[in-house]
Structure formats: structure tokens, C-alpha cells
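What's in coords-v7.txt: compact mmCIF, N, CA and C atoms
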```txt
# COMPACT_ATOMS: atom_id res chain seq x y z
N MET I 1 61.31 22.71 0.14
CA MET I 1 60.06 23.41 -0.02
C MET I 1 59.16 22.73 -1.05
N VAL I 2 59.77 22.12 -2.07
CA VAL I 2 58.98 21.47 -3.11
C VAL I 2 58.14 20.35 -2.51
N ALA I 3 58.72 19.57 -1.60
CA ALA I 3 57.99 18.47 -0.97
C ALA I 3 56.79 19.00 -0.18
N HIS I 4 56.95 20.09 0.54
CA HIS I 4 55.85 20.70 1.28
C HIS I 4 54.77 21.20 0.32
N ALA I 5 55.20 21.84 -0.75
CA ALA I 5 54.26 22.37 -1.74
C ALA I 5 53.46 21.23 -2.38
N GLU I 6 54.12 20.10 -2.66
CA GLU I 6 53.41 18.95 -3.25
C GLU I 6 52.37 18.39 -2.27
N ARG I 7 52.71 18.35 -0.98
CA ARG I 7 51.73 17.88 0.03
C ARG I 7 50.55 18.83 0.11
N VAL I 8 50.81 20.13 0.03
CA VAL I 8 49.72 21.11 0.05
C VAL I 8 48.85 20.93 -1.19
N GLU I 9 49.51 20.74 -2.34
CA GLU I 9 48.76 20.53 -3.58
C GLU I 9 47.88 19.29 -3.47
N GLN I 10 48.40 18.20 -2.95
CA GLN I 10 47.63 16.97 -2.78
C GLN I 10 46.46 17.19 -1.82
N ALA I 11 46.68 17.93 -0.76
CA ALA I 11 45.62 18.22 0.20
C ALA I 11 44.52 19.05 -0.45
N VAL I 12 44.91 20.03 -1.26
CA VAL I 12 43.93 20.88 -1.94
C VAL I 12 43.13 20.04 -2.94
N LEU I 13 43.81 19.19 -3.70
CA LEU I 13 43.11 18.32 -4.65
C LEU I 13 42.15 17.38 -3.93
N GLY I 14 42.57 16.81 -2.82
CA GLY I 14 41.70 15.95 -2.03
C GLY I 14 40.50 16.70 -1.51
N PHE I 15 40.71 17.93 -1.05
CA PHE I 15 39.62 18.76 -0.56
C PHE I 15 38.63 19.06 -1.69
N GLU I 16 39.13 19.40 -2.87
CA GLU I 16 38.26 19.69 -4.01
C GLU I 16 37.44 18.46 -4.41
N GLN I 17 38.07 17.30 -4.40
CA GLN I 17 37.33 16.06 -4.73
C GLN I 17 36.24 15.79 -3.71
N HIS I 18 36.58 15.99 -2.45
CA HIS I 18 35.60 15.78 -1.38
C HIS I 18 34.45 16.79 -1.52
N LEU I 19 34.78 18.02 -1.84
CA LEU I 19 33.76 19.06 -2.02
C LEU I 19 32.85 18.71 -3.20
N ASP I 20 33.42 18.28 -4.31
CA ASP I 20 32.62 17.88 -5.48
C ASP I 20 31.71 16.70 -5.13
N ALA I 21 32.22 15.73 -4.41
CA ALA I 21 31.42 14.57 -4.02
C ALA I 21 30.26 14.98 -3.12
N SER I 22 30.52 15.91 -2.20
CA SER I 22 29.45 16.33 -1.30
C SER I 22 28.37 17.12 -2.04
N LYS I 23 28.76 17.82 -3.11
CA LYS I 23 27.78 18.54 -3.91
C LYS I 23 26.88 17.57 -4.65
N ARG I 24 27.42 16.41 -5.01
CA ARG I 24 26.64 15.40 -5.73
C ARG I 24 25.82 14.55 -4.78
N GLU I 25 25.99 14.71 -3.50
CA GLU I 25 25.24 13.93 -2.51
C GLU I 25 23.74 14.16 -2.72
N ALA I 26 23.02 13.07 -2.76
CA ALA I 26 21.57 13.16 -2.96
C ALA I 26 20.90 13.75 -1.73
N VAL I 27 20.00 14.67 -1.97
CA VAL I 27 19.22 15.27 -0.89
C VAL I 27 17.76 15.34 -1.33
N GLY I 28 16.87 15.28 -0.37
CA GLY I 28 15.46 15.41 -0.68
C GLY I 28 14.63 14.30 -0.08
N VAL I 29 13.48 14.08 -0.69
CA VAL I 29 12.51 13.12 -0.19
C VAL I 29 12.29 12.04 -1.24
N ILE I 30 12.25 10.80 -0.79
CA ILE I 30 11.86 9.69 -1.64
C ILE I 30 10.52 9.19 -1.14
N ARG I 31 9.51 9.22 -2.00
CA ARG I 31 8.17 8.76 -1.62
C ARG I 31 8.00 7.32 -2.07
N VAL I 32 7.76 6.45 -1.10
CA VAL I 32 7.60 5.02 -1.36
C VAL I 32 6.14 4.64 -1.13
N THR I 33 5.50 4.06 -2.13
CA THR I 33 4.14 3.59 -1.96
C THR I 33 4.14 2.08 -1.78
N CYS I 34 3.39 1.62 -0.81
CA CYS I 34 3.29 0.19 -0.52
C CYS I 34 2.12 -0.04 0.43
N PRO I 35 1.65 -1.29 0.50
CA PRO I 35 0.58 -1.59 1.45
C PRO I 35 1.05 -1.36 2.89
N GLU I 36 0.11 -0.99 3.75
CA GLU I 36 0.42 -0.66 5.14
C GLU I 36 1.20 -1.74 5.88
N PRO I 37 0.87 -3.02 5.73
CA PRO I 37 1.64 -4.04 6.48
C PRO I 37 3.13 -4.05 6.14
N LEU I 38 3.48 -3.65 4.93
CA LEU I 38 4.90 -3.62 4.56
C LEU I 38 5.65 -2.52 5.29
N VAL I 39 4.99 -1.40 5.55
CA VAL I 39 5.65 -0.29 6.22
C VAL I 39 6.13 -0.73 7.60
N TYR I 40 5.29 -1.42 8.33
CA TYR I 40 5.69 -1.91 9.65
C TYR I 40 6.90 -2.82 9.54
N ARG I 41 6.88 -3.75 8.60
CA ARG I 41 8.00 -4.68 8.43
C ARG I 41 9.28 -3.93 8.08
N ILE I 42 9.18 -2.95 7.19
CA ILE I 42 10.36 -2.19 6.76
C ILE I 42 10.91 -1.38 7.92
N THR I 43 10.05 -0.71 8.67
CA THR I 43 10.52 0.15 9.76
C THR I 43 11.12 -0.66 10.91
N GLN I 44 10.71 -1.90 11.06
CA GLN I 44 11.24 -2.74 12.13
C GLN I 44 12.50 -3.51 11.71
N SER I 45 12.84 -3.50 10.44
CA SER I 45 13.92 -4.34 9.92
C SER I 45 15.31 -3.76 10.06
N GLY I 46 15.44 -2.47 10.29
CA GLY I 46 16.75 -1.83 10.30
C GLY I 46 17.16 -1.33 8.92
N LEU I 47 16.38 -1.64 7.91
CA LEU I 47 16.69 -1.22 6.54
C LEU I 47 16.78 0.29 6.42
N LEU I 48 15.83 1.00 7.01
CA LEU I 48 15.86 2.47 6.93
C LEU I 48 17.06 3.05 7.64
N ASP I 49 17.45 2.47 8.76
CA ASP I 49 18.64 2.96 9.47
C ASP I 49 19.88 2.82 8.59
N ARG I 50 20.01 1.67 7.91
CA ARG I 50 21.17 1.46 7.03
C ARG I 50 21.11 2.42 5.84
N PHE I 51 19.91 2.65 5.31
CA PHE I 51 19.75 3.56 4.19
C PHE I 51 20.14 4.98 4.59
N HIS I 52 19.65 5.44 5.75
CA HIS I 52 19.96 6.80 6.20
C HIS I 52 21.44 6.97 6.53
N ALA I 53 22.08 5.93 7.02
CA ALA I 53 23.52 6.01 7.28
C ALA I 53 24.30 6.19 5.97
N ARG I 54 23.80 5.57 4.94
CA ARG I 54 24.48 5.66 3.64
C ARG I 54 24.10 6.92 2.87
N HIS I 55 22.86 7.40 3.08
CA HIS I 55 22.35 8.57 2.35
C HIS I 55 21.69 9.54 3.32
N PRO I 56 22.48 10.23 4.12
CA PRO I 56 21.91 11.08 5.17
C PRO I 56 21.10 12.26 4.65
N GLY I 57 21.28 12.63 3.39
CA GLY I 57 20.54 13.75 2.84
C GLY I 57 19.16 13.39 2.32
N LEU I 58 18.84 12.10 2.35
CA LEU I 58 17.54 11.67 1.84
C LEU I 58 16.60 11.30 2.97
N ARG I 59 15.32 11.66 2.79
CA ARG I 59 14.29 11.31 3.76
C ARG I 59 13.27 10.43 3.04
N VAL I 60 12.83 9.37 3.69
CA VAL I 60 11.85 8.45 3.10
C VAL I 60 10.48 8.75 3.67
N GLU I 61 9.51 8.93 2.77
CA GLU I 61 8.11 9.09 3.17
C GLU I 61 7.33 7.93 2.58
N PHE I 62 6.44 7.35 3.38
CA PHE I 62 5.62 6.25 2.90
C PHE I 62 4.23 6.74 2.53
N VAL I 63 3.75 6.29 1.39
CA VAL I 63 2.38 6.51 0.97
C VAL I 63 1.74 5.14 1.07
N MET I 64 1.03 4.91 2.17
CA MET I 64 0.47 3.58 2.44
C MET I 64 -0.84 3.42 1.69
N SER I 65 -0.81 2.50 0.72
CA SER I 65 -2.00 2.29 -0.09
C SER I 65 -1.90 0.97 -0.83
N ASP I 66 -3.03 0.33 -1.02
CA ASP I 66 -3.09 -0.84 -1.88
C ASP I 66 -3.34 -0.42 -3.33
N LYS I 67 -3.66 0.85 -3.53
CA LYS I 67 -3.90 1.36 -4.88
C LYS I 67 -2.57 1.44 -5.62
N TYR I 68 -2.65 1.26 -6.92
CA TYR I 68 -1.47 1.39 -7.76
C TYR I 68 -1.31 2.86 -8.14
N LEU I 69 -0.48 3.57 -7.41
CA LEU I 69 -0.24 4.97 -7.71
C LEU I 69 0.61 5.07 -8.97
N ASP I 70 0.45 6.15 -9.70
CA ASP I 70 1.13 6.34 -10.97
C ASP I 70 2.51 6.96 -10.75
N LEU I 71 3.55 6.16 -10.92
CA LEU I 71 4.91 6.67 -10.74
C LEU I 71 5.28 7.65 -11.84
N ALA I 72 4.79 7.42 -13.03
CA ALA I 72 5.10 8.32 -14.15
C ALA I 72 4.56 9.73 -13.91
N LYS I 73 3.46 9.84 -13.18
CA LYS I 73 2.88 11.15 -12.88
C LYS I 73 3.45 11.76 -11.61
N GLY I 74 4.36 11.06 -10.95
CA GLY I 74 4.98 11.60 -9.74
C GLY I 74 4.21 11.35 -8.47
N ASP I 75 3.22 10.43 -8.51
CA ASP I 75 2.46 10.12 -7.28
C ASP I 75 3.36 9.52 -6.21
N ALA I 76 4.44 8.87 -6.64
CA ALA I 76 5.45 8.30 -5.74
C ALA I 76 6.70 8.09 -6.57
N ASP I 77 7.83 7.84 -5.88
CA ASP I 77 9.09 7.61 -6.57
C ASP I 77 9.40 6.12 -6.70
N VAL I 78 9.00 5.35 -5.71
CA VAL I 78 9.25 3.91 -5.67
C VAL I 78 7.96 3.23 -5.25
N ALA I 79 7.68 2.09 -5.86
CA ALA I 79 6.48 1.33 -5.50
C ALA I 79 6.87 -0.09 -5.13
N LEU I 80 6.40 -0.54 -3.98
CA LEU I 80 6.52 -1.94 -3.60
C LEU I 80 5.14 -2.52 -3.80
N ARG I 81 5.01 -3.37 -4.82
CA ARG I 81 3.70 -3.86 -5.23
C ARG I 81 3.67 -5.37 -5.30
N SER I 82 2.52 -5.88 -5.04
CA SER I 82 2.29 -7.30 -5.25
C SER I 82 1.61 -7.43 -6.59
N GLY I 83 2.28 -8.03 -7.52
CA GLY I 83 1.68 -8.18 -8.84
C GLY I 83 2.70 -7.96 -9.92
N ASP I 84 2.21 -7.83 -11.10
CA ASP I 84 3.07 -7.66 -12.26
C ASP I 84 3.43 -6.20 -12.45
N THR I 85 4.53 -5.96 -13.16
CA THR I 85 4.90 -4.59 -13.49
C THR I 85 3.93 -4.07 -14.55
N ASP I 86 3.80 -2.78 -14.62
CA ASP I 86 2.90 -2.22 -15.60
C ASP I 86 3.59 -1.16 -16.43
N GLY I 87 3.23 -1.12 -17.70
CA GLY I 87 3.71 -0.08 -18.60
C GLY I 87 5.21 -0.05 -18.78
N ASP I 88 5.75 1.15 -18.70
CA ASP I 88 7.16 1.36 -18.96
C ASP I 88 8.02 1.29 -17.70
N LEU I 89 7.44 0.87 -16.59
CA LEU I 89 8.19 0.83 -15.34
C LEU I 89 9.19 -0.31 -15.34
N VAL I 90 10.26 -0.11 -14.59
CA VAL I 90 11.25 -1.15 -14.40
C VAL I 90 10.96 -1.80 -13.06
N GLY I 91 10.84 -3.11 -13.05
CA GLY I 91 10.52 -3.80 -11.81
C GLY I 91 11.48 -4.93 -11.54
N ARG I 92 11.55 -5.30 -10.28
CA ARG I 92 12.38 -6.42 -9.87
C ARG I 92 11.63 -7.17 -8.79
N LYS I 93 11.57 -8.48 -8.94
CA LYS I 93 10.93 -9.31 -7.93
C LYS I 93 11.84 -9.36 -6.70
N ILE I 94 11.25 -9.05 -5.53
CA ILE I 94 12.02 -9.10 -4.30
C ILE I 94 11.49 -10.14 -3.33
N ALA I 95 10.29 -10.66 -3.60
CA ALA I 95 9.72 -11.68 -2.72
C ALA I 95 8.49 -12.29 -3.38
N ASP I 96 8.04 -13.40 -2.83
CA ASP I 96 6.80 -14.01 -3.28
C ASP I 96 5.65 -13.38 -2.51
N SER I 97 4.51 -13.30 -3.18
CA SER I 97 3.31 -12.79 -2.54
C SER I 97 2.30 -13.93 -2.51
N ILE I 98 1.88 -14.30 -1.33
CA ILE I 98 0.98 -15.41 -1.16
C ILE I 98 -0.45 -14.88 -0.98
N TRP I 99 -1.37 -15.37 -1.79
CA TRP I 99 -2.77 -14.99 -1.71
C TRP I 99 -3.58 -16.22 -1.37
N ALA I 100 -4.69 -16.03 -0.69
CA ALA I 100 -5.56 -17.14 -0.33
C ALA I 100 -6.99 -16.64 -0.23
N VAL I 101 -7.92 -17.60 -0.26
CA VAL I 101 -9.34 -17.30 -0.06
C VAL I 101 -9.70 -17.80 1.33
N TYR I 102 -10.34 -16.94 2.13
CA TYR I 102 -10.67 -17.27 3.51
C TYR I 102 -12.17 -17.20 3.75
N ALA I 103 -12.61 -17.94 4.76
CA ALA I 103 -14.01 -17.90 5.19
C ALA I 103 -14.06 -18.06 6.70
N SER I 104 -15.09 -17.49 7.29
CA SER I 104 -15.27 -17.68 8.73
C SER I 104 -15.82 -19.09 8.99
N ARG I 105 -15.64 -19.57 10.20
CA ARG I 105 -16.19 -20.88 10.57
C ARG I 105 -17.72 -20.89 10.39
N ARG I 106 -18.32 -19.80 10.78
CA ARG I 106 -19.78 -19.69 10.68
C ARG I 106 -20.24 -19.81 9.22
N TYR I 107 -19.52 -19.15 8.32
CA TYR I 107 -19.87 -19.24 6.90
C TYR I 107 -19.75 -20.69 6.42
N ILE I 108 -18.65 -21.34 6.78
CA ILE I 108 -18.42 -22.73 6.36
C ILE I 108 -19.52 -23.65 6.92
N GLU I 109 -19.91 -23.42 8.16
CA GLU I 109 -20.98 -24.23 8.76
C GLU I 109 -22.29 -24.07 7.97
N ARG I 110 -22.58 -22.86 7.50
CA ARG I 110 -23.83 -22.59 6.79
C ARG I 110 -23.79 -23.03 5.32
N HIS I 111 -22.64 -22.81 4.66
CA HIS I 111 -22.59 -22.97 3.21
C HIS I 111 -21.66 -24.08 2.74
N GLY I 112 -20.92 -24.68 3.63
CA GLY I 112 -19.98 -25.72 3.24
C GLY I 112 -18.64 -25.14 2.82
N LYS I 113 -17.65 -25.99 2.84
CA LYS I 113 -16.29 -25.59 2.51
C LYS I 113 -16.01 -25.92 1.04
N PRO I 114 -15.54 -24.94 0.27
CA PRO I 114 -15.18 -25.25 -1.12
C PRO I 114 -13.99 -26.22 -1.14
N GLU I 115 -14.12 -27.26 -1.91
CA GLU I 115 -13.05 -28.26 -1.99
C GLU I 115 -12.12 -28.00 -3.18
N ARG I 116 -12.65 -27.33 -4.19
CA ARG I 116 -11.88 -27.05 -5.40
C ARG I 116 -12.07 -25.59 -5.79
N ILE I 117 -11.18 -25.10 -6.59
CA ILE I 117 -11.28 -23.71 -7.05
C ILE I 117 -12.61 -23.49 -7.76
N GLU I 118 -13.05 -24.46 -8.53
CA GLU I 118 -14.30 -24.33 -9.28
C GLU I 118 -15.49 -24.15 -8.34
N ASP I 119 -15.39 -24.62 -7.11
CA ASP I 119 -16.49 -24.49 -6.14
C ASP I 119 -16.72 -23.05 -5.71
N LEU I 120 -15.77 -22.18 -5.94
CA LEU I 120 -15.91 -20.79 -5.51
C LEU I 120 -17.07 -20.09 -6.20
N GLU I 121 -17.44 -20.57 -7.39
CA GLU I 121 -18.57 -19.96 -8.11
C GLU I 121 -19.87 -20.03 -7.31
N GLN I 122 -19.99 -21.01 -6.43
CA GLN I 122 -21.22 -21.20 -5.65
C GLN I 122 -21.18 -20.47 -4.31
N HIS I 123 -20.17 -19.66 -4.08
CA HIS I 123 -20.01 -19.00 -2.79
C HIS I 123 -20.03 -17.49 -2.92
N ALA I 124 -20.45 -16.84 -1.85
CA ALA I 124 -20.40 -15.38 -1.78
C ALA I 124 -18.96 -14.97 -1.51
N LEU I 125 -18.49 -14.02 -2.26
CA LEU I 125 -17.11 -13.57 -2.12
C LEU I 125 -17.04 -12.06 -1.94
N VAL I 126 -16.07 -11.63 -1.18
CA VAL I 126 -15.73 -10.22 -1.08
C VAL I 126 -14.45 -10.07 -1.88
N GLY I 127 -14.50 -9.24 -2.91
CA GLY I 127 -13.34 -9.10 -3.79
C GLY I 127 -12.65 -7.77 -3.63
N PHE I 128 -12.06 -7.31 -4.69
CA PHE I 128 -11.28 -6.09 -4.71
C PHE I 128 -12.11 -4.94 -5.27
N ASP I 129 -11.79 -3.72 -4.87
CA ASP I 129 -12.49 -2.58 -5.45
C ASP I 129 -11.84 -2.22 -6.79
N GLU I 130 -12.39 -1.22 -7.46
CA GLU I 130 -11.93 -0.87 -8.81
C GLU I 130 -10.47 -0.43 -8.86
N THR I 131 -9.93 0.05 -7.75
CA THR I 131 -8.53 0.49 -7.76
C THR I 131 -7.58 -0.68 -7.88
N MET I 132 -8.06 -1.87 -7.56
CA MET I 132 -7.22 -3.07 -7.66
C MET I 132 -7.65 -3.98 -8.81
N ALA I 133 -8.50 -3.49 -9.69
CA ALA I 133 -9.07 -4.31 -10.75
C ALA I 133 -8.01 -4.93 -11.67
N LYS I 134 -6.89 -4.27 -11.86
CA LYS I 134 -5.86 -4.78 -12.76
C LYS I 134 -4.88 -5.73 -12.06
N HIS I 135 -4.99 -5.87 -10.77
CA HIS I 135 -4.08 -6.75 -10.04
C HIS I 135 -4.35 -8.20 -10.44
N ARG I 136 -3.29 -8.99 -10.56
CA ARG I 136 -3.48 -10.36 -11.03
C ARG I 136 -4.34 -11.19 -10.09
N ALA I 137 -4.30 -10.92 -8.79
CA ALA I 137 -5.15 -11.66 -7.85
C ALA I 137 -6.62 -11.33 -8.10
N ALA I 138 -6.92 -10.06 -8.39
CA ALA I 138 -8.30 -9.67 -8.69
C ALA I 138 -8.76 -10.28 -10.01
N LYS I 139 -7.87 -10.30 -10.99
CA LYS I 139 -8.22 -10.91 -12.27
C LYS I 139 -8.48 -12.40 -12.10
N TRP I 140 -7.64 -13.06 -11.34
CA TRP I 140 -7.82 -14.50 -11.09
C TRP I 140 -9.16 -14.76 -10.41
N LEU I 141 -9.45 -13.99 -9.36
CA LEU I 141 -10.70 -14.17 -8.64
C LEU I 141 -11.90 -13.96 -9.56
N GLY I 142 -11.81 -12.95 -10.43
CA GLY I 142 -12.88 -12.70 -11.38
C GLY I 142 -13.08 -13.85 -12.37
N GLN I 143 -12.00 -14.49 -12.76
CA GLN I 143 -12.08 -15.60 -13.70
C GLN I 143 -12.68 -16.85 -13.06
N VAL I 144 -12.29 -17.15 -11.84
CA VAL I 144 -12.73 -18.40 -11.23
C VAL I 144 -14.04 -18.26 -10.48
N ALA I 145 -14.42 -17.07 -10.14
CA ALA I 145 -15.64 -16.89 -9.35
C ALA I 145 -16.56 -15.91 -10.04
```
Would you mind writing the file out in C-alpha cells?
Amino acid sequence: MVAHAERVEQAVLGFEQHLDASKREAVGVIRVTCPEPLVYRITQSGLLDRFHARHPGLRVEFVMSDKYLDLAKGDADVALRSGDTDGDLVGRKIADSIWAVYASRRYIERHGKPERIEDLEQHALVGFDETMAKHRAAKWLGQVA
């Protein structure tokens, strides 16, 4: 009987551990802010399927925006941003972000093609709005043009 009782005790302990683990299972919504093109890439990659398999109690919502939402104020939980980290946030580089200056063929025909960065001062540019003013690409464009 002792051997049976020990197996029952082990089963009960295993059940209690499993119950405690399930109580600690994360549930709720994670709000991720990122530019719209990233959402398409993420949803097509299988990443969300793997995430949901691992964390079935969590739901991911995307806040598609180029604006830097304030994580400290709860505007989002995670931010995928192109640029430098700001303030007290913890960041990790996950990829390179390539920026370029573009012009239509018609514009180039009328105004010429800039050969050097310094030539941008002589050209009409469409830049960033105030919500992106702190982004390093906007700062760079402001410095050179």
C-alpha cells in the first residue's frame, strides 16, 4: 500500500505544480507599435504562429504608426522602431534600417541629379512631420539640407 500511496502523492504533487504553472501563464493583450510595412512582414513570417503556440493566453495587437508612441505612458507595450532608443527604455538592435533620398525622373530632368550630400541644399525636399522630428534620419536630413 505504501508504494501506491507514494505514487498518488507524486501524482498530486505533479498536479499541483502544473496547476501553479497554469496560474502563472501570461494572459492578455500585448500592443506592438511599428510602421505599417513591418506588420505585413511579421504576419507573413510565421513568427506570430510560433508566439501563439508558446503563449496561447496572449493576443498581439498592432498599433501601426511611424510616430514614436510613449511606452512609459502605456500607449503600447513593445515598439519596433527605426532609430535610437530614447529615455529610460531598454532597446535591442534587431536589424539595419536603410534610408535613402529619392527623386522622380521628371524632377531629375528639370533640376539635375544631386551628386553629393551637400548638393541636397539646392533641391526641394519632402521631409518628416513633427512627430518624427527626433528621429535620426529627420535630424540628418535637417542638418544636410
In Å, with one decimal, what is the gap from atom N of Arg41 in chain I to atom C of Ser65 in chain I? 13.7 Å
Write out as a PyMOL selection string the residues lying within 8 Å of Tyr68 in chain I, counting all atoms listed in the file and excluding same-chain residues fewer than 4 positions away. chain I and resi 81+131-132
So that I can check the surroundings of Val39 in chain I, please list as a CSV table (one decimal) with N, CA and C atoms, keeping the file's coordinate frame every protein, DNA and RNA residue that reaches within 12 Å of it, counting only C-alpha atoms and ignoring chain neighbours fewer than 5 positions away.
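For reference, selection.csv as written:
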```
chain,number,residue,atom,x,y,z
I,32,VAL,N,7.8,6.4,-1.1
I,32,VAL,CA,7.6,5.0,-1.4
I,32,VAL,C,6.1,4.6,-1.1
I,33,THR,N,5.5,4.1,-2.1
I,33,THR,CA,4.1,3.6,-2.0
I,33,THR,C,4.1,2.1,-1.8
I,34,CYS,N,3.4,1.6,-0.8
I,34,CYS,CA,3.3,0.2,-0.5
I,34,CYS,C,2.1,0.0,0.4
I,44,GLN,N,10.7,-1.9,11.1
I,44,GLN,CA,11.2,-2.7,12.1
I,44,GLN,C,12.5,-3.5,11.7
I,45,SER,N,12.8,-3.5,10.4
I,45,SER,CA,13.9,-4.3,9.9
I,45,SER,C,15.3,-3.8,10.1
I,46,GLY,N,15.4,-2.5,10.3
I,46,GLY,CA,16.8,-1.8,10.3
I,46,GLY,C,17.2,-1.3,8.9
I,47,LEU,N,16.4,-1.6,7.9
I,47,LEU,CA,16.7,-1.2,6.5
I,47,LEU,C,16.8,0.3,6.4
I,48,LEU,N,15.8,1.0,7.0
I,48,LEU,CA,15.9,2.5,6.9
I,48,LEU,C,17.1,3.0,7.6
I,60,VAL,N,12.8,9.4,3.7
I,60,VAL,CA,11.8,8.4,3.1
I,60,VAL,C,10.5,8.8,3.7
I,61,GLU,N,9.5,8.9,2.8
I,61,GLU,CA,8.1,9.1,3.2
I,61,GLU,C,7.3,7.9,2.6
I,62,PHE,N,6.4,7.4,3.4
I,62,PHE,CA,5.6,6.2,2.9
I,62,PHE,C,4.2,6.7,2.5
I,63,VAL,N,3.8,6.3,1.4
I,63,VAL,CA,2.4,6.5,1.0
I,63,VAL,C,1.7,5.1,1.1
I,64,MET,N,1.0,4.9,2.2
I,64,MET,CA,0.5,3.6,2.4
I,64,MET,C,-0.8,3.4,1.7
I,65,SER,N,-0.8,2.5,0.7
I,65,SER,CA,-2.0,2.3,-0.1
I,65,SER,C,-1.9,1.0,-0.8
I,66,ASP,N,-3.0,0.3,-1.0
I,66,ASP,CA,-3.1,-0.8,-1.9
I,66,ASP,C,-3.3,-0.4,-3.3
I,79,ALA,N,7.7,2.1,-5.9
I,79,ALA,CA,6.5,1.3,-5.5
I,79,ALA,C,6.9,-0.1,-5.1
I,80,LEU,N,6.4,-0.5,-4.0
I,80,LEU,CA,6.5,-1.9,-3.6
I,80,LEU,C,5.1,-2.5,-3.8
```
Could you check how far atom N of Gly57 in chain I sits from atom N of Ala26 in chain I, in Å to one decimal? 6.4 Å
Do you have the CA of Leu141 in chain I-atom C of Gly112 in chain I distance handy?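 For CA of Leu141 in chain I relative to atom C of Gly112 in chain I, the distance reads 17.7 Å.
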May I have the residues within 7 Å of Ala145 in chain I as a VMD selection string, using only N, CA and C atoms and disregarding those fewer than 4 positions away in the same chain? chain I and resid 120 to 122 140 to 141
Could you give me the residues within chain I that DSSP places in strand (DSSP E), as a PDB file with N, CA and C atoms, in the frame of the given file?
```pdb
ATOM      1  N   GLY I  28      16.870  15.280  -0.370  1.00  0.00           N
ATOM      2  CA  GLY I  28      15.460  15.410  -0.680  1.00  0.00           C
ATOM      3  C   GLY I  28      14.630  14.300  -0.080  1.00  0.00           C
ATOM      4  N   VAL I  29      13.480  14.080  -0.690  1.00  0.00           N
ATOM      5  CA  VAL I  29      12.510  13.120  -0.190  1.00  0.00           C
ATOM      6  C   VAL I  29      12.290  12.040  -1.240  1.00  0.00           C
ATOM      7  N   ILE I  30      12.250  10.800  -0.790  1.00  0.00           N
ATOM      8  CA  ILE I  30      11.860   9.690  -1.640  1.00  0.00           C
ATOM      9  C   ILE I  30      10.520   9.190  -1.140  1.00  0.00           C
ATOM     10  N   ARG I  31       9.510   9.220  -2.000  1.00  0.00           N
ATOM     11  CA  ARG I  31       8.170   8.760  -1.620  1.00  0.00           C
ATOM     12  C   ARG I  31       8.000   7.320  -2.070  1.00  0.00           C
ATOM     13  N   VAL I  32       7.760   6.450  -1.100  1.00  0.00           N
ATOM     14  CA  VAL I  32       7.600   5.020  -1.360  1.00  0.00           C
ATOM     15  C   VAL I  32       6.140   4.640  -1.130  1.00  0.00           C
ATOM     16  N   THR I  33       5.500   4.060  -2.130  1.00  0.00           N
ATOM     17  CA  THR I  33       4.140   3.590  -1.960  1.00  0.00           C
ATOM     18  C   THR I  33       4.140   2.080  -1.780  1.00  0.00           C
ATOM     19  N   CYS I  34       3.390   1.620  -0.810  1.00  0.00           N
ATOM     20  CA  CYS I  34       3.290   0.190  -0.520  1.00  0.00           C
ATOM     21  C   CYS I  34       2.120  -0.040   0.430  1.00  0.00           C
ATOM     22  N   LEU I  58      18.840  12.100   2.350  1.00  0.00           N
ATOM     23  CA  LEU I  58      17.540  11.670   1.840  1.00  0.00           C
ATOM     24  C   LEU I  58      16.600  11.300   2.970  1.00  0.00           C
ATOM     25  N   ARG I  59      15.320  11.660   2.790  1.00  0.00           N
ATOM     26  CA  ARG I  59      14.290  11.310   3.760  1.00  0.00           C
ATOM     27  C   ARG I  59      13.270  10.430   3.040  1.00  0.00           C
ATOM     28  N   VAL I  60      12.830   9.370   3.690  1.00  0.00           N
ATOM     29  CA  VAL I  60      11.850   8.450   3.100  1.00  0.00           C
ATOM     30  C   VAL I  60      10.480   8.750   3.670  1.00  0.00           C
ATOM     31  N   GLU I  61       9.510   8.930   2.770  1.00  0.00           N
ATOM     32  CA  GLU I  61       8.110   9.090   3.170  1.00  0.00           C
ATOM     33  C   GLU I  61       7.330   7.930   2.580  1.00  0.00           C
ATOM     34  N   PHE I  62       6.440   7.350   3.380  1.00  0.00           N
ATOM     35  CA  PHE I  62       5.620   6.250   2.900  1.00  0.00           C
ATOM     36  C   PHE I  62       4.230   6.740   2.530  1.00  0.00           C
ATOM     37  N   VAL I  63       3.750   6.290   1.390  1.00  0.00           N
ATOM     38  CA  VAL I  63       2.380   6.510   0.970  1.00  0.00           C
ATOM     39  C   VAL I  63       1.740   5.140   1.070  1.00  0.00           C
ATOM     40  N   MET I  64       1.030   4.910   2.170  1.00  0.00           N
ATOM     41  CA  MET I  64       0.470   3.580   2.440  1.00  0.00           C
ATOM     42  C   MET I  64      -0.840   3.420   1.690  1.00  0.00           C
ATOM     43  N   VAL I  78       9.000   5.350  -5.710  1.00  0.00           N
ATOM     44  CA  VAL I  78       9.250   3.910  -5.670  1.00  0.00           C
ATOM     45  C   VAL I  78       7.960   3.230  -5.250  1.00  0.00           C
ATOM     46  N   ALA I  79       7.680   2.090  -5.860  1.00  0.00           N
ATOM     47  CA  ALA I  79       6.480   1.330  -5.500  1.00  0.00           C
ATOM     48  C   ALA I  79       6.870  -0.090  -5.130  1.00  0.00           C
TER      49      ALA I  79
END
```
Let's see if you can do this: from backbone DSSP, list all helix (DSSP H, G or I) residues in range 33-138 of chain I, as a VMD selection string. chain I and resid 36 to 45 47 to 54 105 to 111 117 to 122 130 to 132 136 to 138
Near-Ala138 in chain I list (8 Å; all atoms listed in the file; drop same-chain fewer than 6 positions) as a VMD selection string: chain I and resid 127 to 129 132 144
